[in-house]
>>> print(open('coords.pdb').read())   # PDB, C-alpha atoms
ATOM      1  CA  MET A 254      85.110  99.441  86.088
ATOM      2  CA  GLY A 255      85.089 101.655  89.149
ATOM      3  CA  ASP A 256      82.401 104.011  90.303
ATOM      4  CA  GLU A 257      82.351 107.237  88.363
ATOM      5  CA  TYR A 258      82.532 110.381  90.519
ATOM      6  CA  ASP A 259      79.404 112.521  90.294
ATOM      7  CA  PRO A 260      80.047 116.007  91.678
ATOM      8  CA  THR A 261      77.348 117.732  93.709
ATOM      9  CA  ASP A 262      75.547 120.812  92.400
ATOM     10  CA  GLY A 263      77.525 122.896  94.886
ATOM     11  CA  GLU A 264      80.833 121.579  93.569
ATOM     12  CA  LEU A 265      79.780 122.322  89.992
ATOM     13  CA  VAL A 266      78.770 125.861  90.969
ATOM     14  CA  ARG A 267      82.126 126.449  92.651
ATOM     15  CA  ARG A 268      83.995 125.109  89.621
ATOM     16  CA  PHE A 269      81.951 127.304  87.252
ATOM     17  CA  VAL A 270      82.587 130.407  89.355
ATOM     18  CA  GLU A 271      86.292 129.563  89.131
ATOM     19  CA  GLY A 272      86.046 129.522  85.316
ATOM     20  CA  ASP A 273      85.226 125.892  84.455
ATOM     21  CA  MET A 274      82.636 126.152  81.657
ATOM     22  CA  ALA A 275      82.260 122.360  81.562
ATOM     23  CA  ALA A 276      80.837 122.566  85.094
ATOM     24  CA  PHE A 277      78.001 124.783  83.845
ATOM     25  CA  ALA A 278      77.386 122.398  80.942
ATOM     26  CA  ASN A 279      77.105 119.600  83.508
ATOM     27  CA  LEU A 280      74.476 121.599  85.454
ATOM     28  CA  VAL A 281      72.529 122.189  82.242
ATOM     29  CA  THR A 282      72.624 118.482  81.415
ATOM     30  CA  ARG A 283      71.509 117.630  84.940
ATOM     31  CA  TYR A 284      68.516 120.011  84.953
ATOM     32  CA  GLN A 285      67.439 120.487  81.321
ATOM     33  CA  ASN A 286      64.884 117.676  81.074
ATOM     34  CA  GLY A 287      63.378 118.425  84.455
ATOM     35  CA  VAL A 288      62.938 122.129  83.829
ATOM     36  CA  PHE A 289      61.521 121.505  80.348
ATOM     37  CA  LEU A 290      58.934 119.075  81.763
ATOM     38  CA  PHE A 291      58.181 121.538  84.575
ATOM     39  CA  PHE A 292      57.331 124.228  82.034
ATOM     40  CA  CYS A 293      55.349 121.747  79.920
ATOM     41  CA  ARG A 294      53.227 120.945  82.953
ATOM     42  CA  MET A 295      52.874 124.574  83.967
ATOM     43  CA  THR A 296      52.165 126.055  80.520
ATOM     44  CA  GLY A 297      50.836 123.161  78.462
ATOM     45  CA  ARG A 298      52.750 124.406  75.426
ATOM     46  CA  ARG A 299      55.924 122.757  74.143
ATOM     47  CA  ALA A 300      57.258 125.864  72.368
ATOM     48  CA  ASP A 301      56.713 128.039  75.447
ATOM     49  CA  ALA A 302      58.303 125.361  77.641
ATOM     50  CA  GLU A 303      61.389 125.303  75.427
ATOM     51  CA  ASP A 304      61.679 129.092  75.493
ATOM     52  CA  LEU A 305      61.192 129.291  79.255
ATOM     53  CA  ALA A 306      63.700 126.505  79.910
ATOM     54  CA  GLN A 307      66.264 128.290  77.774
ATOM     55  CA  GLU A 308      65.572 131.590  79.523
ATOM     56  CA  THR A 309      66.012 129.848  82.887
ATOM     57  CA  PHE A 310      69.513 128.730  81.942
ATOM     58  CA  VAL A 311      70.380 132.177  80.593
ATOM     59  CA  ARG A 312      69.374 133.736  83.913
ATOM     60  CA  VAL A 313      71.205 131.066  85.892
ATOM     61  CA  TYR A 314      74.347 131.651  83.817
ATOM     62  CA  GLU A 315      74.157 135.413  84.283
ATOM     63  CA  SER A 316      73.479 135.236  88.038
ATOM     64  CA  LEU A 317      75.371 132.182  89.241
ATOM     65  CA  HIS A 318      78.317 134.253  90.423
ATOM     66  CA  SER A 319      76.007 136.001  92.892
ATOM     67  CA  LEU A 320      74.752 132.790  94.536
ATOM     68  CA  ASP A 321      75.923 133.096  98.158
ATOM     69  CA  ASP A 322      75.656 129.430  99.112
ATOM     70  CA  PRO A 323      76.412 126.973  96.278
ATOM     71  CA  THR A 324      74.826 124.146  98.278
ATOM     72  CA  ARG A 325      71.460 125.914  97.834
ATOM     73  CA  PHE A 326      71.683 125.754  94.022
ATOM     74  CA  ARG A 327      68.700 123.426  93.571
ATOM     75  CA  SER A 328      66.151 125.629  95.371
ATOM     76  CA  TRP A 329      67.713 128.777  93.830
ATOM     77  CA  PHE A 330      67.423 127.235  90.358
ATOM     78  CA  TRP A 331      63.769 126.295  90.880
ATOM     79  CA  ALA A 332      63.040 129.775  92.239
ATOM     80  CA  ILE A 333      64.276 131.243  88.952
ATOM     81  CA  ALA A 334      62.143 128.807  86.956
ATOM     82  CA  SER A 335      59.114 129.479  89.174
ATOM     83  CA  ASN A 336      59.475 133.237  88.819
ATOM     84  CA  LEU A 337      59.671 132.917  85.044
ATOM     85  CA  CYS A 338      56.545 130.788  85.165
ATOM     86  CA  ARG A 339      54.706 133.414  87.207
ATOM     87  CA  ASP A 340      55.751 136.102  84.735
ATOM     88  CA  TYR A 341      54.562 133.905  81.857
ATOM     89  CA  HIS A 342      51.131 133.438  83.445
ATOM     90  CA  LYS A 343      50.800 137.165  84.214
ATOM     91  CA  TYR A 344      51.639 137.973  80.613
ATOM     92  CA  ARG A 345      49.210 135.348  79.280
ATOM     93  CA  GLN A 346      46.457 136.586  81.606
ATOM     94  CA  HIS A 347      47.108 140.139  80.538
ATOM     95  CA  ARG A 348      46.658 139.154  76.902
ATOM     96  CA  HIS A 349      43.455 137.216  77.742
ATOM     97  CA  HIS A 350      44.642 134.427  75.519
ATOM     98  CA  LEU A 351      43.576 130.910  76.322
ATOM     99  CA  SER A 352      43.516 128.390  73.554
ATOM    100  CA  ILE A 353      42.721 124.757  72.973
ATOM    101  CA  GLU A 354      46.050 124.499  71.150
ATOM    102  CA  ARG A 355      47.854 124.215  74.503
ATOM    103  CA  ASP A 356      46.222 120.849  75.185
ATOM    104  CA  ILE A 357      46.595 119.663  71.615
ATOM    105  CA  ASP A 358      50.268 120.676  71.508
ATOM    106  CA  LEU A 359      51.173 118.718  74.630
ATOM    107  CA  ASP A 360      48.992 115.725  73.707
ATOM    108  CA  LEU A 361      50.738 115.454  70.345
ATOM    109  CA  GLN A 362      54.137 115.569  72.044
ATOM    110  CA  LEU A 363      53.177 112.793  74.443
ATOM    111  CA  ALA A 364      51.409 110.701  71.817
ATOM    112  CA  ASP A 365      54.718 110.025  70.130
ATOM    113  CA  MET A 366      56.020 108.216  73.198
ATOM    114  CA  GLU A 367      53.033 106.741  74.993
ATOM    115  CA  SER A 368      50.063 104.470  74.427
ATOM    116  CA  ALA A 369      46.641 105.958  73.730
ATOM    117  CA  GLN A 370      45.429 104.960  77.207
ATOM    118  CA  THR A 371      48.392 106.632  78.871
ATOM    119  CA  VAL A 372      47.916 109.746  76.734
ATOM    120  CA  GLU A 373      44.265 109.901  77.806
ATOM    121  CA  LEU A 374      45.231 109.530  81.474
ATOM    122  CA  ALA A 375      48.000 112.141  81.117
ATOM    123  CA  SER A 376      45.530 114.480  79.435
ATOM    124  CA  ARG A 377      43.036 114.054  82.291
ATOM    125  CA  ILE A 378      45.752 114.771  84.846
ATOM    126  CA  ARG A 379      46.924 117.859  82.903
ATOM    127  CA  THR A 380      43.351 119.072  82.687
ATOM    128  CA  ALA A 381      42.909 118.570  86.435
ATOM    129  CA  LEU A 382      46.220 120.364  87.119
ATOM    130  CA  ALA A 383      45.085 123.243  84.909
ATOM    131  CA  THR A 384      42.063 123.777  87.174
ATOM    132  CA  LEU A 385      44.355 124.547  90.107
ATOM    133  CA  ASP A 386      45.333 128.131  90.754
ATOM    134  CA  ASP A 387      48.950 128.952  89.902
ATOM    135  CA  GLU A 388      50.222 128.720  93.509
ATOM    136  CA  ARG A 389      48.763 125.272  94.086
ATOM    137  CA  ARG A 390      49.795 123.952  90.671
ATOM    138  CA  LEU A 391      53.340 125.172  91.250
ATOM    139  CA  VAL A 392      53.780 123.354  94.574
ATOM    140  CA  VAL A 393      52.229 120.149  93.205
ATOM    141  CA  VAL A 394      54.510 120.120  90.168
ATOM    142  CA  LEU A 395      57.624 120.889  92.229
ATOM    143  CA  ARG A 396      56.775 118.199  94.806
ATOM    144  CA  GLU A 397      55.253 115.393  92.743
ATOM    145  CA  TYR A 398      57.123 115.720  89.458
ATOM    146  CA  HIS A 399      60.464 117.139  90.588
ATOM    147  CA  GLY A 400      60.760 115.694  94.096
ATOM    148  CA  LEU A 401      61.582 118.910  95.935
ATOM    149  CA  SER A 402      61.248 118.774  99.713
ATOM    150  CA  TYR A 403      58.792 121.023 101.537
ATOM    151  CA  GLU A 404      61.723 123.165 102.658
ATOM    152  CA  GLU A 405      63.063 123.478  99.092
ATOM    153  CA  ILE A 406      59.613 124.398  97.787
ATOM    154  CA  ALA A 407      59.224 127.010 100.529
ATOM    155  CA  ALA A 408      62.578 128.533  99.591
ATOM    156  CA  THR A 409      61.684 128.361  95.902
ATOM    157  CA  VAL A 410      58.292 130.060  96.116
ATOM    158  CA  GLY A 411      59.097 132.341  99.048
ATOM    159  CA  CYS A 412      56.631 131.134 101.656
ATOM    160  CA  SER A 413      56.653 129.090 104.865
ATOM    161  CA  VAL A 414      56.787 125.297 105.006
ATOM    162  CA  GLY A 415      53.332 125.412 106.589
ATOM    163  CA  ALA A 416      51.976 127.325 103.593
ATOM    164  CA  VAL A 417      53.518 124.724 101.268
ATOM    165  CA  ARG A 418      51.860 121.912 103.227
ATOM    166  CA  TRP A 419      48.502 123.692 103.156
ATOM    167  CA  ARG A 420      48.717 124.405  99.404
ATOM    168  CA  LEU A 421      49.636 120.783  98.689
ATOM    169  CA  HIS A 422      46.801 119.507 100.869
ATOM    170  CA  ALA A 423      44.258 121.788  99.227
ATOM    171  CA  ALA A 424      45.563 120.958  95.748
ATOM    172  CA  ARG A 425      45.447 117.216  96.382
ATOM    173  CA  GLN A 426      41.862 117.485  97.617
ATOM    174  CA  GLN A 427      40.900 119.407  94.488
ATOM    175  CA  LEU A 428      42.715 116.898  92.256
ATOM    176  CA  ARG A 429      41.020 113.950  94.007
ATOM    177  CA  ALA A 430      37.637 115.572  93.364
ATOM    178  CA  SER A 431      38.496 116.232  89.700
ATOM    179  CA  LEU A 432      39.792 112.694  89.159
ATOM    180  CA  SER A 433      37.355 110.871  91.457
ATOM    181  CA  ASP A 434      36.143 108.576  88.663
ATOM    182  CA  LEU A 435      39.731 107.304  88.235
ATOM    183  CA  ILE A 436      40.301 106.728  91.969
ATOM    184  CA  GLU A 437      38.712 103.569  93.272
TER     185      GLU A 437
END
>>> encode(input="coords.pdb", output="structure tokens")
Amino acid sequence: MGDEYDPTDGELVRRFVEGDMAAFANLVTRYQNGVFLFFCRMTGRRADAEDLAQETFVRVYESLHSLDDPTRFRSWFWAIASNLCRDYHKYRQHRHHLSIERDIDLDLQLADMESAQTVELASRIRTALATLDDERRLVVVLREYHGLSYEEIAATVGCSVGAVRWRLHAARQQLRASLSDLIE
């Protein structure tokens, strides 16, 4: 069998704008797991992550025709997700609602697929990530879990590449301190 052609994000955007609904479905398939895990890591709540992921795709669908440069889809997509995440945290802060259920919810989700030792390690990492301020947590998650370049992160969060580098450096130092007993 020959190699199967895998269109770029930009090609899929162009096809969608021209009326190809299957192209949008392909974008959803390509990004749905990543954006769901992003929101899991940023919110700690499976139900909120599902809602935010769905809202991301609704906003992408409604706004995709206005994307000037289809080759910039990836950073544009993550900017939408990041903005929704910021709004979520502002709303949660406004309500002064922090609950232990966020950790329990995510631990139960992961327990179904991982060993107890891995769940404990994942829980420690989530706890350490939760100690970061929103800006630092956002750049760490985009870089380490989703593989965005410094330039893509800068475009996503609306800051300079230097600011991204500084936030990552500061976040990594804080994470090393929080997880020092695990680092030998």
>>> resolve_selection(input="coords.pdb", expression="the PyMOL selection byres ((chain A and resi 293) around 10)", output="number ranges by chain")
A: 287-292, 294-303, 305-306, 355, 358-359, 379
>>> residues_around(input="coords.pdb", residues="Thr309 of chain A", least_positions_apart="4", cutoff="12 Å", atoms="all atoms listed in the file", output="list in words")
Val281, Tyr284, Gln285, Gly287, Val288, Phe289, Phe291, Phe292, Ala302, Glu303, Asp304, Leu305, Val313, Tyr314, Glu315, Ser316, Leu317, Trp329, Phe330, Trp331, Ala332, Ile333, Ala334, Ser335, Asn336, Leu337 and Cys338 of chain A
>>> atom_distance(input="coords.pdb", atom1="atom CA of Phe277 of chain A", atom2="atom CA of Val393 of chain A")
27.8 Å
>>> atom_distance(input="coords.pdb", atom1="atom CA of Val392 of chain A", atom2="atom CA of Ile406 of chain A")
6.7 Å
>>> atom_distance(input="coords.pdb", atom1="atom CA of Asn279 of chain A", atom2="atom CA of Leu320 of chain A")
17.4 Å
>>> residues_around(input="coords.pdb", residues="Val270 of chain A", least_positions_apart="3", cutoff="8 Å", atoms="all atoms listed in the file", output="list in words")
Val266, Arg267, Asp273, Leu317 and His318 of chain A
>>> resolve_selection(input="coords.pdb", expression="the PyMOL selection byres ((chain A and resi 403) around 12)", output="list in words")
Ser328, Val392, Val393, Leu395, Arg396, Glu397, His399, Gly400, Leu401, Ser402, Glu404, Glu405, Ile406, Ala407, Ala408, Thr409, Val410, Gly411, Cys412, Ser413, Val414, Gly415, Ala416, Val417, Arg418, Trp419, Arg420 and Leu421 of chain A
>>> axis_aligned_box(input="coords.pdb", around="segment 290-298 of chain A", padding_each_side="3 Å", output="JSON")
{"center_x": 54.9, "center_y": 122.6, "center_z": 80.0, "size_x": 14.1, "size_y": 13.0, "size_z": 15.1}
>>> closest_residue(input="coords.pdb", among="A:Arg429, A:Ser376, A:His342, A:Ala278", to="Glu388 of chain A", atoms="all atoms listed in the file")
A:His342
>>> residues_near_point(input="coords.pdb", point="(40.2, 108.7, 89.0)", cutoff="12 Å", atoms="all atoms listed in the file", output="list in words")
Glu373, Leu374, Ala375, Arg377, Ile378, Ala381, Leu428, Arg429, Ala430, Ser431, Leu432, Ser433, Asp434, Leu435, Ile436 and Glu437 of chain A
>>> closest_residue(input="coords.pdb", among="A:Arg390, A:Gly263, A:Leu385, A:Asp321", to="Leu280 of chain A", atoms="all atoms listed in the file")
A:Gly263
>>> closest_residue(input="coords.pdb", among="A:Gln427, A:Tyr398, A:Lys343, A:Thr324", to="Thr384 of chain A", atoms="only C-alpha atoms")
A:Gln427
>>> closest_residue(input="coords.pdb", among="A:Ala276, A:Asp259, A:Asp387, A:Glu264", to="Asp322 of chain A", atoms="all atoms listed in the file")
A:Glu264
>>> closest_residue(input="coords.pdb", among="A:Arg268, A:Asn286, A:Asp386, A:Phe326", to="Gln307 of chain A", atoms="only C-alpha atoms")
A:Asn286
